[in-house]
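Visitor: To start, I am sharing the structure in question, which I have written as structure tokens.
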Amino acid sequence: MTSLHHPEPKQSSPAAKYGPIAGVIVVVALIAAFAVTRGKGNDSAAGGGGGSAVGSSAKDLPVLYNDAKKNGGDLSGYGDRCDTTTGRIKLPTIFAPPCVPVWKQGADNGGATSQGVTKDEITVVEYRPSTNGDLSSLLQGLLDKPEEVKQTQAAYEKLFSDMFESYGRKVKYIRYQSQGGMDDEVVAKADAIKIAEEYKAFAVLGGPALAQDYAKELAARKVICIGCGQGVPDSTYQKLAPYLWGAYATPEQFLLNLGDLITGRLNGKKAEFAGDPALQGQTRKFGVVHFEQKVPVYTELEDQVREEGKCRGWEAAASETYTLDLAKMGERATTIIAKMKAAGVTSIIFLGDPLMPISLTKAATEQNYFPEWIVTGTVLTDTNVFGRRYDQKQWAHAFGISSLPVKTPREMSEPWAIHQWYYGQAPAAKTTAPIIYSGLQQLYLGIHMAGPKLSPETFRDGLFNYPPTGGGPTSPHISFGMHGYFKPQNTCSSAIPKEERADYLGIDDVALIWWDAEVEGKDESGGDGKGLYRYMDGGKRYMPGAMPKTDLPVGKKDGSVTIVDSIPAADKGPDYPSPAQKLPPPVE
């Protein structure tokens, strides 16, 4: 692999600007990012194709081993790294890619099949956010030494290059340092144009957290972007298809599971989990607090939620928005809580970032207001390290859903375990490893599944052909494309599209959680303390439409789990001998 480095400017540390919360954000965000674990998962883990490739380029996709075996095809070309039992390459994770025929050196791969693709190289830009006042920069190795981050980056790049098929091509990396803030649309647009037109990228890893023009400009120039659509509506993914990809469900997808919880298990019942006895005896009255960008992007979604809730028999007594302005969060939280209390809200549904609940719960206690807090798991609000920072008199009455798997020690997470297996040692950047791993894993999976004629269309159809995988307590269900998972069912709203729309993100399912303010244990950063999320039903995960309608066991410790110290038997996957590779030199 080759790499080009875009020089970084000398700037002040973001920790100085954001204070002690900076360290907390970095630790939890990086460890929680796509921290799926090893295992066999459900029956789909050993399946063949996903069966949902949609474009004309589907004919160019490689034949997967299990499909060839099922159809009596030639199995001789899949190579020694193919596990013929599972039909996946010999990587000790349930999320290993299906086996494809090993590319023969010198064979014709189509040459320049797309921008940023030649017969020998694939140009990929790694976006690095500004370290001057950009909150997303706090997720870029603040707690790992720069040389540790560079070493881990090189290690994962080599690992994926060695294990995944790229059809005679190597990835050429360009490290691009932005100068814009997370919501600076002007700089974001200029960055995207430069990446697309000057560097001629095929794909980009990452982007500014809140600048929508970045992804739009890349898509307009037919450049794939992985991980640059944080929190945008599903409609954005559809409009920019097939160029925008990520790991977590879109708000519309996520709201299907949240809707199952609210309409099936909460609506019309007493607010029994509130902290105020007077509220406990009242029928639930919902309030919604959600994040919004300076240039609103959720208006359509808000309308859908309002109409759907109303036709299902409930509507929010109060709905409040806020923007990510750290200096004004406390003031805004005081106003929001006053309005919720005045409206008689018994149960607050929070859809936002992990910092705002610090201010909201503080304001609620100051105003002697103790409602239920319904956790939706958005942006790490379902992590223990943040739960401990919320007012515990309030958060002792928090429960809801989470996309994250049951917690394990971080050495059991997939990024850590795969690095340990491949190199015989833990990743150097112990905090940043998960987020480095996540983007590269999706990039190489798309290349592997696309076949030799690499283009945004074959990248899409290849990922759509990836077999749905996972679904155990420590392994979220991952899929792309159209499998019927997010087809609206039982909807009574004319505002919600009835047709199924393609899924460009990974995690599909959720678990049920509640906050135990008294239990002690380690959080995601390894820190000891009091307070952990308990996973109901032993961490069982639910797909949209599959959640039962029984009473929630909030507050009941029996049958719940906090942190497991070993992978459940049902999730344990194949063991393979370690390749015992030597670490490559750090990236430039």
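Labels used: A, B, ... for chains in the order of the structure tokens, numbers from 1 for residues in each chain, and numbers from 1 for ligands as shown.
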Residues of segment 373-483 of chain A that have any atom at most 12 Å from an atom of segment 218-237 of chain A: could you tabulate them with the shortest-distance atom pair and the distance in Å to one decimal, using only C-alpha atoms, ordered by chain and increasing number, as CSV?

Guide:
residue,atom,partner,partner_atom,distance
A:Thr378,CA,A:Gly231,CA,8.6
A:Val379,CA,A:Gly231,CA,8.3
A:Ile435,CA,A:Gly227,CA,10.0
A:Ile436,CA,A:Gly227,CA,11.2
A:Ser438,CA,A:Gly227,CA,9.0
A:Gly439,CA,A:Ile226,CA,6.5
A:Leu440,CA,A:Ile226,CA,9.0
A:Gln441,CA,A:Ile226,CA,10.3
A:Gln442,CA,A:Ile226,CA,7.7
A:Leu443,CA,A:Ile226,CA,7.4
A:Tyr444,CA,A:Ile226,CA,11.2
A:Leu445,CA,A:Ile226,CA,11.9
A:Gly446,CA,A:Ile226,CA,10.6
A:Ile447,CA,A:Ile224,CA,11.7
A:Leu454,CA,A:Ile224,CA,11.9
A:Ser455,CA,A:Lys222,CA,9.3
A:Pro456,CA,A:Ile224,CA,6.7
A:Glu457,CA,A:Lys222,CA,10.0
A:Thr458,CA,A:Ile224,CA,11.7
A:Phe459,CA,A:Ile224,CA,9.1
A:Arg460,CA,A:Ile224,CA,9.8

Visitor: What would the file look like if the residues just selected were written as a compact mmCIF listing (two decimals), in the first residue's frame with N, CA and C atoms?

Guide:
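Saved the output as result.txt:
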# COMPACT_ATOMS: atom_id res chain seq x y z
N THR A 378 -29.05 7.17 21.01
CA THR A 378 -28.43 8.00 19.98
C THR A 378 -27.06 8.50 20.46
N VAL A 379 -26.09 8.43 19.58
CA VAL A 379 -24.76 9.02 19.77
C VAL A 379 -24.19 8.79 21.17
N ILE A 435 -12.29 2.88 16.09
CA ILE A 435 -12.77 3.76 15.03
C ILE A 435 -11.89 3.65 13.78
N ILE A 436 -10.59 3.37 13.96
CA ILE A 436 -9.72 3.12 12.81
C ILE A 436 -10.20 1.87 12.08
N SER A 438 -13.18 0.39 12.11
CA SER A 438 -14.54 0.42 11.57
C SER A 438 -14.60 0.88 10.12
N GLY A 439 -14.03 2.06 9.84
CA GLY A 439 -14.09 2.58 8.47
C GLY A 439 -13.36 1.71 7.48
N LEU A 440 -12.18 1.23 7.87
CA LEU A 440 -11.40 0.37 6.97
C LEU A 440 -12.12 -0.94 6.71
N GLN A 441 -12.76 -1.48 7.72
CA GLN A 441 -13.46 -2.75 7.56
C GLN A 441 -14.57 -2.63 6.52
N GLN A 442 -15.34 -1.54 6.57
CA GLN A 442 -16.42 -1.37 5.61
C GLN A 442 -15.88 -1.08 4.22
N LEU A 443 -14.81 -0.31 4.14
CA LEU A 443 -14.18 -0.03 2.85
C LEU A 443 -13.72 -1.32 2.17
N TYR A 444 -12.96 -2.12 2.88
CA TYR A 444 -12.42 -3.34 2.28
C TYR A 444 -13.50 -4.39 2.03
N LEU A 445 -14.53 -4.41 2.86
CA LEU A 445 -15.63 -5.34 2.62
C LEU A 445 -16.31 -5.00 1.29
N GLY A 446 -16.54 -3.71 1.05
CA GLY A 446 -17.16 -3.30 -0.21
C GLY A 446 -16.30 -3.63 -1.41
N ILE A 447 -14.99 -3.43 -1.30
CA ILE A 447 -14.06 -3.75 -2.40
C ILE A 447 -14.05 -5.25 -2.65
N LEU A 454 -14.50 -2.56 -10.20
CA LEU A 454 -14.85 -1.70 -9.06
C LEU A 454 -15.41 -0.36 -9.50
N SER A 455 -16.56 -0.02 -8.96
CA SER A 455 -17.22 1.26 -9.20
C SER A 455 -18.15 1.49 -8.02
N PRO A 456 -18.68 2.70 -7.85
CA PRO A 456 -19.65 2.90 -6.77
C PRO A 456 -20.85 1.95 -6.87
N GLU A 457 -21.22 1.58 -8.10
CA GLU A 457 -22.36 0.69 -8.28
C GLU A 457 -22.04 -0.74 -7.86
N THR A 458 -20.86 -1.25 -8.24
CA THR A 458 -20.51 -2.62 -7.82
C THR A 458 -20.18 -2.65 -6.32
N PHE A 459 -19.65 -1.57 -5.79
CA PHE A 459 -19.43 -1.45 -4.35
C PHE A 459 -20.76 -1.59 -3.62
N ARG A 460 -21.77 -0.87 -4.12
CA ARG A 460 -23.11 -0.97 -3.54
C ARG A 460 -23.67 -2.37 -3.64

Visitor: Please report, as a ChimeraX atom specification, each residue of segment 459-540 of chain A to which DSSP assigns strand (DSSP E) when run on this structure's backbone.

Guide: /A:510-522,528-535

Visitor: Would you list the contacts of Met412 of chain A as a VMD selection string, taking every protein, DNA or RNA residue within 12 Å and counting only C-alpha atoms, but skipping same-chain residues closer than 3 positions in sequence?

Guide: chain A and resid 31 35 to 39 92 to 93 406 to 409 415 to 421 426 434 474 to 475 524 563 to 568 571 to 572

Visitor: Tell me which protein, DNA and RNA residues are within 6 Å of segment 384-399 of chain A, counting only C-alpha atoms, leaving out same-chain ones fewer than 3 positions away, and put them as an MDAnalysis selection string.

Guide: chainID A and resid 273:274 358 361:362 372:375 513:515 517 523 532

Visitor: Among segment 100-164 of chain A, which residues does DSSP mark as helix (DSSP H, G or I) when it is run on the backbone? Keep the chain and numbering as in the structure and answer as a PyMOL selection string.

Guide: chain A and resi 135-139+146-163

Visitor: Could you check the closest approach to Pro427 of chain A for each of A:Val149, A:Ala68, A:Val171, A:Met182 and tell me which residue wins, using only C-alpha atoms?

Guide: A:Val149

Visitor: Do a neighbour search on segment 313-326 of chain A at 6 Å with only C-alpha atoms, toss out local chain neighbours closer than 2 positions, and write the hits as a ChimeraX atom specification.

Guide: /A:286-293,309-311,328-329

Visitor: With distances taken over only C-alpha atoms, which residue among A:Gly545, A:Gly111, A:Gly180, A:Gly538 lies nearest Phe254 of chain A?

Guide: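 Smallest distance to Phe254 of chain A is found for A:Gly545.
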
Visitor: Identify which of the residues A:Leu240, A:Leu64, A:Ile336, A:Val125 lies closest to Ala196 of chain A, counting only C-alpha atoms when measuring atom-to-atom distances.

Guide: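 The closest residue to Ala196 of chain A is A:Val125.
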